[in-house]
Amino acid sequence: MEQVIAAAQALYTDDQRALLENFRKMAEAEFTPLVEKYEGQGHPPDADTLKGLFARVEDFGLISGLIPEQDGGAGIDHMTYGILFEELARVWADLAIAVLIQSHAVFAINLLGNEAQKDAYLRPLLRSERICATCISEPSVGSNVREIKTRAQREGDKIFVSGQKLWISNGAQSDCAIVVCNLDGDISMVMVDRDRGGYESRELRKMGLVGASTCELFFDRAETTPAHVLGKAGGGLFQTLKLFESARVFVGLTSVGIAQAALECAVKYAQEREQHGKPIGGHQLIQGYLADMATHLDAARLLCQRGLQLLAMGVRCDTQTSMAKWYATEMAVDIAGKAVQIHGGNGITKEFPVERHFRNAKVMPIPDGTTEIQKLVIGRNLTGLNAF
């Protein structure tokens, strides 16, 4: 297995390999015990703990990495950032999801915010003093962003936001939220502070990623102001779709990390478990499974890394990021399922981590656009015909 991993990393630079090794040592030492803790408790870390975790990964630039240095970020290139992010997902996928949401809130505010908004939101987020949720989905709205029901009503020098958001990551711990809503008849993004405007959250229990917060948020005339409209008023649809383009690569990389962890478990078990007088890894069917798993994993990783390169170039790449997202997430389900099968009866017990990897993988084809939506995006871009 070490030889295969070394070959996969052969295209990385010396600096990338050194950074990855340092990050791996930290993550395995500090995060591995927490995986079991929050898995056992069945709920995510509280806000203060999560801020501390954000501060720790920010030592390696995982919160501010996509922000240029002149704007206060770490200014990491997309490929290096993706390499570290995948490793975080391999060790603790739940934290990777939380980091994905925080880092993309930072990305959105830096890209769209004015100086006053950056002072109020970006800089505290970069210091891991605040947590921001991004609120798009609703009970009847997922990828159909044009049909957002949440309303923002102007009243004098104030805006009042009313509506219900669903599947909101980091919602329980959030201090503020980027709310995609209907303002003046158009889709806009509005910043809402929890301590001022007020919104309530309800944690949702999931089959996997139980250490990552996923919430229902309720806005009942949550108060904000016109100065809190992020970017161009009425530009929320385009802005949201651009965020999807980037986020989908990192959802894919989360799945790559989960699949990598599952493959490593399967290889180790196949080397140690004996049946019919030899390790089961010596049987042809098991080797066939492992070969399929390793090949599909590499293909998914390369699709995601192509997406990272295109994002870095600043070109439109929603076709390629949709390919990366649907292939990587479905691949992870298949790989984690085969890892469970290789473990046999042990694979369906909580005594072995592949059970957790399978549950986590099964979640991933859903968020940031289901597999079916990704295929429709690809098909639309190929044909010029909209199927949704």
# chains A, B, ... in the order shown; residues from 1 in each chain; ligands from 1

call {"tool": "residues_around", "arguments": {"residues": "stretch 330-343 of chain A", "least_positions_apart": "4", "cutoff": "10 Å", "atoms": "only C-alpha atoms", "output": "PyMOL selection string"}}
result
chain A and resi 252+254-267+269-270+273+280-281+285-286+289-290+292-294+296-297+299-300+325-326+347-349+352-366+371

call {"tool": "closest_residue", "arguments": {"among": "A:Glu28, A:Glu58, A:Asp318, A:Asp184", "to": "A:Gly236", "atoms": "only C-alpha atoms"}}
result
A:Asp184

call {"tool": "closest_residue", "arguments": {"among": "A:Ala222, A:Ala212, A:Val251, A:Leu95", "to": "A:Cys176", "atoms": "only C-alpha atoms"}}
result
A:Ala222

call {"tool": "select_by_dssp", "arguments": {"residues": "stretch 193-273 of chain A", "states": "strand (DSSP E)", "output": "list of chain:residue names"}}
result
A:Asp193, A:Glu200, A:Ser201, A:Arg202, A:Glu203, A:Thr214, A:Cys215, A:Glu216, A:Leu217, A:Phe218, A:Phe219, A:Asp220, A:Arg221, A:Ala222, A:Glu223, A:Thr224, A:Val229, A:Leu230

call {"tool": "write_last_selection", "arguments": {"atoms": "N, CA, C and O atoms", "output": "PDB file, in the first residue's frame"}}
result
ATOM      1  N   ASP A 193     -26.908  38.364  11.499  1.00  0.00           N
ATOM      2  CA  ASP A 193     -26.204  38.034  12.741  1.00  0.00           C
ATOM      3  C   ASP A 193     -27.156  37.353  13.713  1.00  0.00           C
ATOM      4  O   ASP A 193     -28.281  37.821  13.914  1.00  0.00           O
ATOM      5  N   GLU A 200     -33.265  30.695  14.844  1.00  0.00           N
ATOM      6  CA  GLU A 200     -33.237  29.483  15.660  1.00  0.00           C
ATOM      7  C   GLU A 200     -32.763  28.309  14.816  1.00  0.00           C
ATOM      8  O   GLU A 200     -32.973  28.280  13.592  1.00  0.00           O
ATOM      9  N   SER A 201     -32.151  27.336  15.468  1.00  0.00           N
ATOM     10  CA  SER A 201     -31.664  26.156  14.754  1.00  0.00           C
ATOM     11  C   SER A 201     -32.163  24.884  15.414  1.00  0.00           C
ATOM     12  O   SER A 201     -32.390  24.843  16.636  1.00  0.00           O
ATOM     13  N   ARG A 202     -32.348  23.868  14.596  1.00  0.00           N
ATOM     14  CA  ARG A 202     -32.702  22.533  15.093  1.00  0.00           C
ATOM     15  C   ARG A 202     -31.792  21.522  14.418  1.00  0.00           C
ATOM     16  O   ARG A 202     -31.779  21.417  13.186  1.00  0.00           O
ATOM     17  N   GLU A 203     -31.012  20.809  15.220  1.00  0.00           N
ATOM     18  CA  GLU A 203     -30.076  19.827  14.676  1.00  0.00           C
ATOM     19  C   GLU A 203     -30.825  18.629  14.107  1.00  0.00           C
ATOM     20  O   GLU A 203     -31.794  18.136  14.703  1.00  0.00           O
ATOM     21  N   THR A 214     -25.734  19.542  10.916  1.00  0.00           N
ATOM     22  CA  THR A 214     -26.665  19.751   9.807  1.00  0.00           C
ATOM     23  C   THR A 214     -27.989  20.169  10.418  1.00  0.00           C
ATOM     24  O   THR A 214     -28.563  19.422  11.207  1.00  0.00           O
ATOM     25  N   CYS A 215     -28.459  21.359  10.060  1.00  0.00           N
ATOM     26  CA  CYS A 215     -29.574  21.955  10.794  1.00  0.00           C
ATOM     27  C   CYS A 215     -30.708  22.433   9.899  1.00  0.00           C
ATOM     28  O   CYS A 215     -30.538  22.657   8.709  1.00  0.00           O
ATOM     29  N   GLU A 216     -31.833  22.616  10.576  1.00  0.00           N
ATOM     30  CA  GLU A 216     -32.936  23.393  10.062  1.00  0.00           C
ATOM     31  C   GLU A 216     -32.846  24.755  10.754  1.00  0.00           C
ATOM     32  O   GLU A 216     -32.688  24.818  11.976  1.00  0.00           O
ATOM     33  N   LEU A 217     -32.888  25.848   9.979  1.00  0.00           N
ATOM     34  CA  LEU A 217     -32.819  27.191  10.549  1.00  0.00           C
ATOM     35  C   LEU A 217     -34.138  27.912  10.301  1.00  0.00           C
ATOM     36  O   LEU A 217     -34.726  27.801   9.216  1.00  0.00           O
ATOM     37  N   PHE A 218     -34.569  28.660  11.310  1.00  0.00           N
ATOM     38  CA  PHE A 218     -35.837  29.369  11.243  1.00  0.00           C
ATOM     39  C   PHE A 218     -35.585  30.871  11.394  1.00  0.00           C
ATOM     40  O   PHE A 218     -35.034  31.314  12.405  1.00  0.00           O
ATOM     41  N   PHE A 219     -35.989  31.629  10.388  1.00  0.00           N
ATOM     42  CA  PHE A 219     -35.864  33.081  10.401  1.00  0.00           C
ATOM     43  C   PHE A 219     -37.270  33.680  10.526  1.00  0.00           C
ATOM     44  O   PHE A 219     -38.090  33.531   9.612  1.00  0.00           O
ATOM     45  N   ASP A 220     -37.540  34.308  11.651  1.00  0.00           N
ATOM     46  CA  ASP A 220     -38.837  34.909  11.912  1.00  0.00           C
ATOM     47  C   ASP A 220     -38.634  36.414  12.072  1.00  0.00           C
ATOM     48  O   ASP A 220     -38.389  36.922  13.156  1.00  0.00           O
ATOM     49  N   ARG A 221     -38.687  37.116  10.945  1.00  0.00           N
ATOM     50  CA  ARG A 221     -38.393  38.548  10.901  1.00  0.00           C
ATOM     51  C   ARG A 221     -37.033  38.834  11.539  1.00  0.00           C
ATOM     52  O   ARG A 221     -36.878  39.730  12.376  1.00  0.00           O
ATOM     53  N   ALA A 222     -36.050  38.049  11.121  1.00  0.00           N
ATOM     54  CA  ALA A 222     -34.688  38.267  11.593  1.00  0.00           C
ATOM     55  C   ALA A 222     -34.195  39.602  11.044  1.00  0.00           C
ATOM     56  O   ALA A 222     -34.263  39.869   9.849  1.00  0.00           O
ATOM     57  N   GLU A 223     -33.681  40.442  11.928  1.00  0.00           N
ATOM     58  CA  GLU A 223     -33.362  41.819  11.549  1.00  0.00           C
ATOM     59  C   GLU A 223     -31.944  41.962  11.007  1.00  0.00           C
ATOM     60  O   GLU A 223     -30.984  41.451  11.572  1.00  0.00           O
ATOM     61  N   THR A 224     -31.836  42.679   9.899  1.00  0.00           N
ATOM     62  CA  THR A 224     -30.541  43.062   9.344  1.00  0.00           C
ATOM     63  C   THR A 224     -30.739  44.406   8.640  1.00  0.00           C
ATOM     64  O   THR A 224     -31.763  45.069   8.858  1.00  0.00           O
ATOM     65  N   VAL A 229     -26.385  43.459   2.677  1.00  0.00           N
ATOM     66  CA  VAL A 229     -26.574  42.741   1.415  1.00  0.00           C
ATOM     67  C   VAL A 229     -25.197  42.464   0.828  1.00  0.00           C
ATOM     68  O   VAL A 229     -24.385  43.375   0.641  1.00  0.00           O
ATOM     69  N   LEU A 230     -24.934  41.200   0.548  1.00  0.00           N
ATOM     70  CA  LEU A 230     -23.600  40.779   0.111  1.00  0.00           C
ATOM     71  C   LEU A 230     -23.527  40.780  -1.412  1.00  0.00           C
ATOM     72  O   LEU A 230     -24.347  40.145  -2.091  1.00  0.00           O
TER      73      LEU A 230
END

call {"tool": "closest_residue", "arguments": {"among": "A:Ala27, A:Ile67, A:Leu311, A:Leu204", "to": "A:Leu122", "atoms": "only C-alpha atoms"}}
result
A:Ile67

call {"tool": "residues_around", "arguments": {"residues": "A:Gly113", "least_positions_apart": "6", "cutoff": "12 Å", "atoms": "only C-alpha atoms", "output": "list of chain:residue names"}}
result
A:Asp71, A:Ala105, A:Val106, A:Phe107, A:Asp119, A:Ala120, A:Tyr121, A:Leu122, A:Arg123, A:Ile178, A:Met189, A:Val190, A:Met191, A:Ala227, A:His228, A:Val229, A:Leu230, A:Gly231, A:Lys232, A:Ala233, A:Gln239

call {"tool": "write_last_selection", "arguments": {"atoms": "all heavy atoms", "output": "compact mmCIF listing (two decimals), in the first residue's frame"}}
result
# COMPACT_ATOMS: atom_id res chain seq x y z
N ASP A 71 -5.29 39.97 1.09
CA ASP A 71 -6.60 40.11 1.74
C ASP A 71 -6.62 39.46 3.12
O ASP A 71 -7.70 39.33 3.72
CB ASP A 71 -7.68 39.48 0.86
CG ASP A 71 -7.86 40.24 -0.46
OD1 ASP A 71 -7.62 41.46 -0.47
OD2 ASP A 71 -8.24 39.61 -1.45
N ALA A 105 -17.54 30.24 3.10
CA ALA A 105 -18.12 31.50 3.58
C ALA A 105 -17.07 32.60 3.53
O ALA A 105 -17.33 33.73 3.09
CB ALA A 105 -18.67 31.33 4.99
N VAL A 106 -15.86 32.27 3.97
CA VAL A 106 -14.74 33.20 3.88
C VAL A 106 -14.49 33.60 2.42
O VAL A 106 -14.31 34.78 2.10
CB VAL A 106 -13.47 32.56 4.50
CG1 VAL A 106 -12.21 33.32 4.10
CG2 VAL A 106 -13.59 32.51 6.02
N PHE A 107 -14.49 32.62 1.55
CA PHE A 107 -14.27 32.86 0.12
C PHE A 107 -15.34 33.80 -0.44
O PHE A 107 -15.03 34.76 -1.17
CB PHE A 107 -14.29 31.52 -0.62
CG PHE A 107 -14.17 31.61 -2.11
CD1 PHE A 107 -12.96 31.88 -2.71
CD2 PHE A 107 -15.28 31.44 -2.92
CE1 PHE A 107 -12.84 31.96 -4.09
CE2 PHE A 107 -15.18 31.53 -4.29
CZ PHE A 107 -13.96 31.79 -4.89
N ASP A 119 -14.54 43.87 7.40
CA ASP A 119 -14.15 44.17 8.78
C ASP A 119 -15.07 43.46 9.76
O ASP A 119 -14.62 42.92 10.78
CB ASP A 119 -14.20 45.68 9.03
CG ASP A 119 -13.02 46.41 8.43
OD1 ASP A 119 -11.98 45.76 8.18
OD2 ASP A 119 -13.13 47.62 8.19
N ALA A 120 -16.37 43.44 9.46
CA ALA A 120 -17.35 42.88 10.39
C ALA A 120 -17.37 41.36 10.37
O ALA A 120 -17.62 40.73 11.40
CB ALA A 120 -18.75 43.42 10.06
N TYR A 121 -17.09 40.75 9.20
CA TYR A 121 -17.28 39.31 9.07
C TYR A 121 -16.01 38.55 8.68
O TYR A 121 -15.65 37.57 9.31
CB TYR A 121 -18.39 39.01 8.04
CG TYR A 121 -19.73 39.51 8.48
CD1 TYR A 121 -20.27 40.67 7.94
CD2 TYR A 121 -20.46 38.84 9.45
CE1 TYR A 121 -21.51 41.14 8.36
CE2 TYR A 121 -21.69 39.29 9.87
CZ TYR A 121 -22.22 40.45 9.33
OH TYR A 121 -23.42 40.91 9.76
N LEU A 122 -15.33 39.01 7.63
CA LEU A 122 -14.20 38.24 7.11
C LEU A 122 -13.10 38.08 8.14
O LEU A 122 -12.63 36.96 8.40
CB LEU A 122 -13.66 38.90 5.84
CG LEU A 122 -12.43 38.21 5.22
CD1 LEU A 122 -12.75 36.79 4.80
CD2 LEU A 122 -11.92 39.02 4.02
N ARG A 123 -12.68 39.16 8.73
CA ARG A 123 -11.52 39.10 9.63
C ARG A 123 -11.81 38.27 10.89
O ARG A 123 -10.96 37.46 11.28
CB ARG A 123 -11.04 40.52 9.93
CG ARG A 123 -10.41 41.13 8.66
CD ARG A 123 -10.09 42.60 8.73
NE ARG A 123 -9.53 43.03 7.44
CZ ARG A 123 -10.24 43.48 6.42
NH1 ARG A 123 -11.55 43.56 6.54
NH2 ARG A 123 -9.67 43.82 5.28
N ILE A 178 -24.99 33.58 5.87
CA ILE A 178 -25.22 34.14 4.54
C ILE A 178 -26.54 33.51 4.07
O ILE A 178 -26.61 32.30 3.83
CB ILE A 178 -24.09 33.79 3.56
CG1 ILE A 178 -22.74 34.32 4.07
CG2 ILE A 178 -24.40 34.31 2.17
CD1 ILE A 178 -21.56 33.84 3.25
N MET A 189 -28.10 37.72 -1.61
CA MET A 189 -27.46 37.17 -0.42
C MET A 189 -27.43 38.25 0.66
O MET A 189 -26.98 39.38 0.40
CB MET A 189 -26.02 36.72 -0.73
CG MET A 189 -25.91 35.49 -1.58
SD MET A 189 -24.16 35.04 -1.83
CE MET A 189 -24.34 33.42 -2.58
N VAL A 190 -27.91 37.91 1.84
CA VAL A 190 -27.98 38.86 2.94
C VAL A 190 -27.32 38.26 4.17
O VAL A 190 -27.57 37.10 4.52
CB VAL A 190 -29.45 39.24 3.27
CG1 VAL A 190 -29.51 40.22 4.43
CG2 VAL A 190 -30.13 39.83 2.04
N MET A 191 -26.46 39.03 4.82
CA MET A 191 -25.83 38.59 6.07
C MET A 191 -26.78 38.84 7.23
O MET A 191 -27.36 39.93 7.36
CB MET A 191 -24.53 39.37 6.31
CG MET A 191 -23.46 39.20 5.27
SD MET A 191 -22.80 37.52 5.15
CE MET A 191 -22.36 37.17 6.84
N ALA A 227 -27.07 47.47 4.45
CA ALA A 227 -25.60 47.40 4.42
C ALA A 227 -25.09 45.97 4.53
O ALA A 227 -23.90 45.72 4.34
CB ALA A 227 -25.02 48.24 5.56
N HIS A 228 -26.00 45.04 4.84
CA HIS A 228 -25.61 43.64 4.99
C HIS A 228 -25.92 42.81 3.75
O HIS A 228 -25.77 41.59 3.77
CB HIS A 228 -26.32 43.03 6.21
CG HIS A 228 -25.80 43.55 7.52
ND1 HIS A 228 -26.09 44.80 7.98
CD2 HIS A 228 -25.00 42.97 8.45
CE1 HIS A 228 -25.50 44.99 9.16
NE2 HIS A 228 -24.83 43.89 9.46
N VAL A 229 -26.39 43.46 2.68
CA VAL A 229 -26.57 42.74 1.41
C VAL A 229 -25.20 42.46 0.83
O VAL A 229 -24.38 43.38 0.64
CB VAL A 229 -27.43 43.55 0.43
CG1 VAL A 229 -27.53 42.83 -0.92
CG2 VAL A 229 -28.83 43.78 1.01
N LEU A 230 -24.93 41.20 0.55
CA LEU A 230 -23.60 40.78 0.11
C LEU A 230 -23.53 40.78 -1.41
O LEU A 230 -24.35 40.14 -2.09
CB LEU A 230 -23.30 39.38 0.65
CG LEU A 230 -21.86 38.87 0.56
CD1 LEU A 230 -20.91 39.75 1.36
CD2 LEU A 230 -21.79 37.43 1.09
N GLY A 231 -22.56 41.51 -1.94
CA GLY A 231 -22.43 41.58 -3.39
C GLY A 231 -23.53 42.44 -3.99
O GLY A 231 -24.11 43.30 -3.33
N LYS A 232 -23.85 42.18 -5.22
CA LYS A 232 -24.85 42.96 -5.94
C LYS A 232 -26.25 42.50 -5.56
O LYS A 232 -26.56 41.31 -5.62
CB LYS A 232 -24.64 42.81 -7.45
CG LYS A 232 -25.64 43.58 -8.31
CD LYS A 232 -25.37 43.31 -9.78
CE LYS A 232 -26.41 44.03 -10.65
NZ LYS A 232 -26.19 43.74 -12.09
N ALA A 233 -27.11 43.45 -5.15
CA ALA A 233 -28.50 43.10 -4.88
C ALA A 233 -29.12 42.51 -6.15
O ALA A 233 -28.98 43.06 -7.24
CB ALA A 233 -29.28 44.33 -4.43
N GLN A 239 -24.27 34.34 -8.00
CA GLN A 239 -23.29 34.18 -6.93
C GLN A 239 -23.38 32.79 -6.30
O GLN A 239 -22.37 32.15 -6.00
CB GLN A 239 -23.50 35.26 -5.87
CG GLN A 239 -23.18 36.66 -6.38
CD GLN A 239 -23.76 37.78 -5.53
OE1 GLN A 239 -23.71 38.96 -5.91
NE2 GLN A 239 -24.33 37.44 -4.39

call {"tool": "closest_atom_pairs", "arguments": {"of": "stretch 175-221 of chain A", "to": "stretch 142-148 of chain A", "cutoff": "12 Å", "atoms": "only C-alpha atoms", "output": "JSON lines"}}
result
{"residue": "A:Val179", "atom": "CA", "partner": "A:Ile148", "partner_atom": "CA", "distance": 10.5}
{"residue": "A:Val180", "atom": "CA", "partner": "A:Ile148", "partner_atom": "CA", "distance": 7.6}
{"residue": "A:Cys181", "atom": "CA", "partner": "A:Ile148", "partner_atom": "CA", "distance": 6.2}
{"residue": "A:Asn182", "atom": "CA", "partner": "A:Ile148", "partner_atom": "CA", "distance": 6.6}
{"residue": "A:Leu183", "atom": "CA", "partner": "A:Ile148", "partner_atom": "CA", "distance": 10.4}
{"residue": "A:Gly185", "atom": "CA", "partner": "A:Ile148", "partner_atom": "CA", "distance": 10.7}
{"residue": "A:Asp186", "atom": "CA", "partner": "A:Arg146", "partner_atom": "CA", "distance": 8.8}
{"residue": "A:Ile187", "atom": "CA", "partner": "A:Arg146", "partner_atom": "CA", "distance": 7.1}
{"residue": "A:Ser188", "atom": "CA", "partner": "A:Ile148", "partner_atom": "CA", "distance": 10.0}
{"residue": "A:Met189", "atom": "CA", "partner": "A:Ile148", "partner_atom": "CA", "distance": 11.5}

call {"tool": "residues_around", "arguments": {"residues": "A:Leu62", "least_positions_apart": "5", "cutoff": "10 Å", "atoms": "only C-alpha atoms", "output": "NGL selection string"}}
result
:A and (54-57 or 73-74 or 76 or 81-82 or 84-85 or 88 or 96 or 99-100 or 102-103)

call {"tool": "write_last_selection", "arguments": {"atoms": "N, CA and C atoms", "output": "short mmCIF file (atom, residue, chain, number, x, y, z; two decimals), in the first residue's frame"}}
result
data_model
loop_
_atom_site.label_atom_id
_atom_site.label_comp_id
_atom_site.auth_asym_id
_atom_site.auth_seq_id
_atom_site.Cartn_x
_atom_site.Cartn_y
_atom_site.Cartn_z
N PHE A 54 -11.08 24.87 14.08
CA PHE A 54 -10.82 25.73 12.93
C PHE A 54 -9.46 26.42 13.07
N ALA A 55 -9.19 26.91 14.27
CA ALA A 55 -7.90 27.58 14.50
C ALA A 55 -6.74 26.62 14.26
N ARG A 56 -6.93 25.35 14.63
CA ARG A 56 -5.85 24.37 14.46
C ARG A 56 -5.60 24.08 12.98
N VAL A 57 -6.65 23.87 12.20
CA VAL A 57 -6.42 23.59 10.78
C VAL A 57 -5.96 24.85 10.05
N GLY A 73 -5.47 36.28 3.77
CA GLY A 73 -5.52 34.84 3.71
C GLY A 73 -4.15 34.20 3.59
N ALA A 74 -4.14 32.88 3.55
CA ALA A 74 -2.88 32.14 3.44
C ALA A 74 -2.38 32.11 1.99
N ILE A 76 -2.86 29.95 -0.48
CA ILE A 76 -2.36 28.65 -0.93
C ILE A 76 -2.90 28.37 -2.33
N TYR A 81 -3.95 23.23 -1.52
CA TYR A 81 -5.10 23.27 -0.61
C TYR A 81 -5.91 21.98 -0.72
N GLY A 82 -6.15 21.52 -1.94
CA GLY A 82 -6.92 20.30 -2.14
C GLY A 82 -6.24 19.07 -1.57
N LEU A 84 -4.26 18.95 1.07
CA LEU A 84 -4.44 18.99 2.52
C LEU A 84 -5.89 18.70 2.89
N PHE A 85 -6.84 19.23 2.12
CA PHE A 85 -8.25 19.01 2.42
C PHE A 85 -8.61 17.53 2.30
N LEU A 88 -7.43 15.77 5.39
CA LEU A 88 -8.33 16.01 6.52
C LEU A 88 -9.55 15.11 6.43
N ALA A 96 -13.95 17.89 8.00
CA ALA A 96 -13.72 18.40 6.64
C ALA A 96 -14.96 19.12 6.12
N VAL A 99 -15.14 22.50 7.82
CA VAL A 99 -14.12 23.38 7.25
C VAL A 99 -14.52 23.85 5.86
N LEU A 100 -15.10 22.96 5.07
CA LEU A 100 -15.58 23.33 3.73
C LEU A 100 -16.56 24.50 3.81
N GLN A 102 -17.04 26.71 6.35
CA GLN A 102 -16.40 27.91 6.87
C GLN A 102 -15.49 28.56 5.82
N SER A 103 -14.69 27.75 5.14
CA SER A 103 -13.74 28.30 4.17
C SER A 103 -14.46 28.92 2.98
#

call {"tool": "residues_around", "arguments": {"residues": "A:Leu34", "least_positions_apart": "6", "cutoff": "12 Å", "atoms": "only C-alpha atoms", "output": "PyMOL selection string"}}
result
chain A and resi 27-28+40-45+49-50+53+91-95+211

call {"tool": "residues_around", "arguments": {"residues": "A:Arg154", "least_positions_apart": "3", "cutoff": "9 Å", "atoms": "only C-alpha atoms", "output": "list in words"}}
result
Asp157, Lys158, Ile159, Phe160, Leu183, Asp184, Thr225 and Pro226 of chain A

call {"tool": "atom_distance", "arguments": {"atom1": "atom CA of A:Leu66", "atom2": "atom CA of A:His104"}}
result
8.5 Å

call {"tool": "residues_around", "arguments": {"residues": "A:Ala324", "least_positions_apart": "3", "cutoff": "8 Å", "atoms": "only C-alpha atoms", "output": "number ranges by chain"}}
result
A: 248-249, 252, 300, 303-304, 307, 320-321, 327-328

call {"tool": "select_by_dssp", "arguments": {"residues": "stretch 74-230 of chain A", "states": "alpha helix (DSSP H)", "output": "ChimeraX atom specification"}}
result
/A:78-91,93-112,115-117,123-126
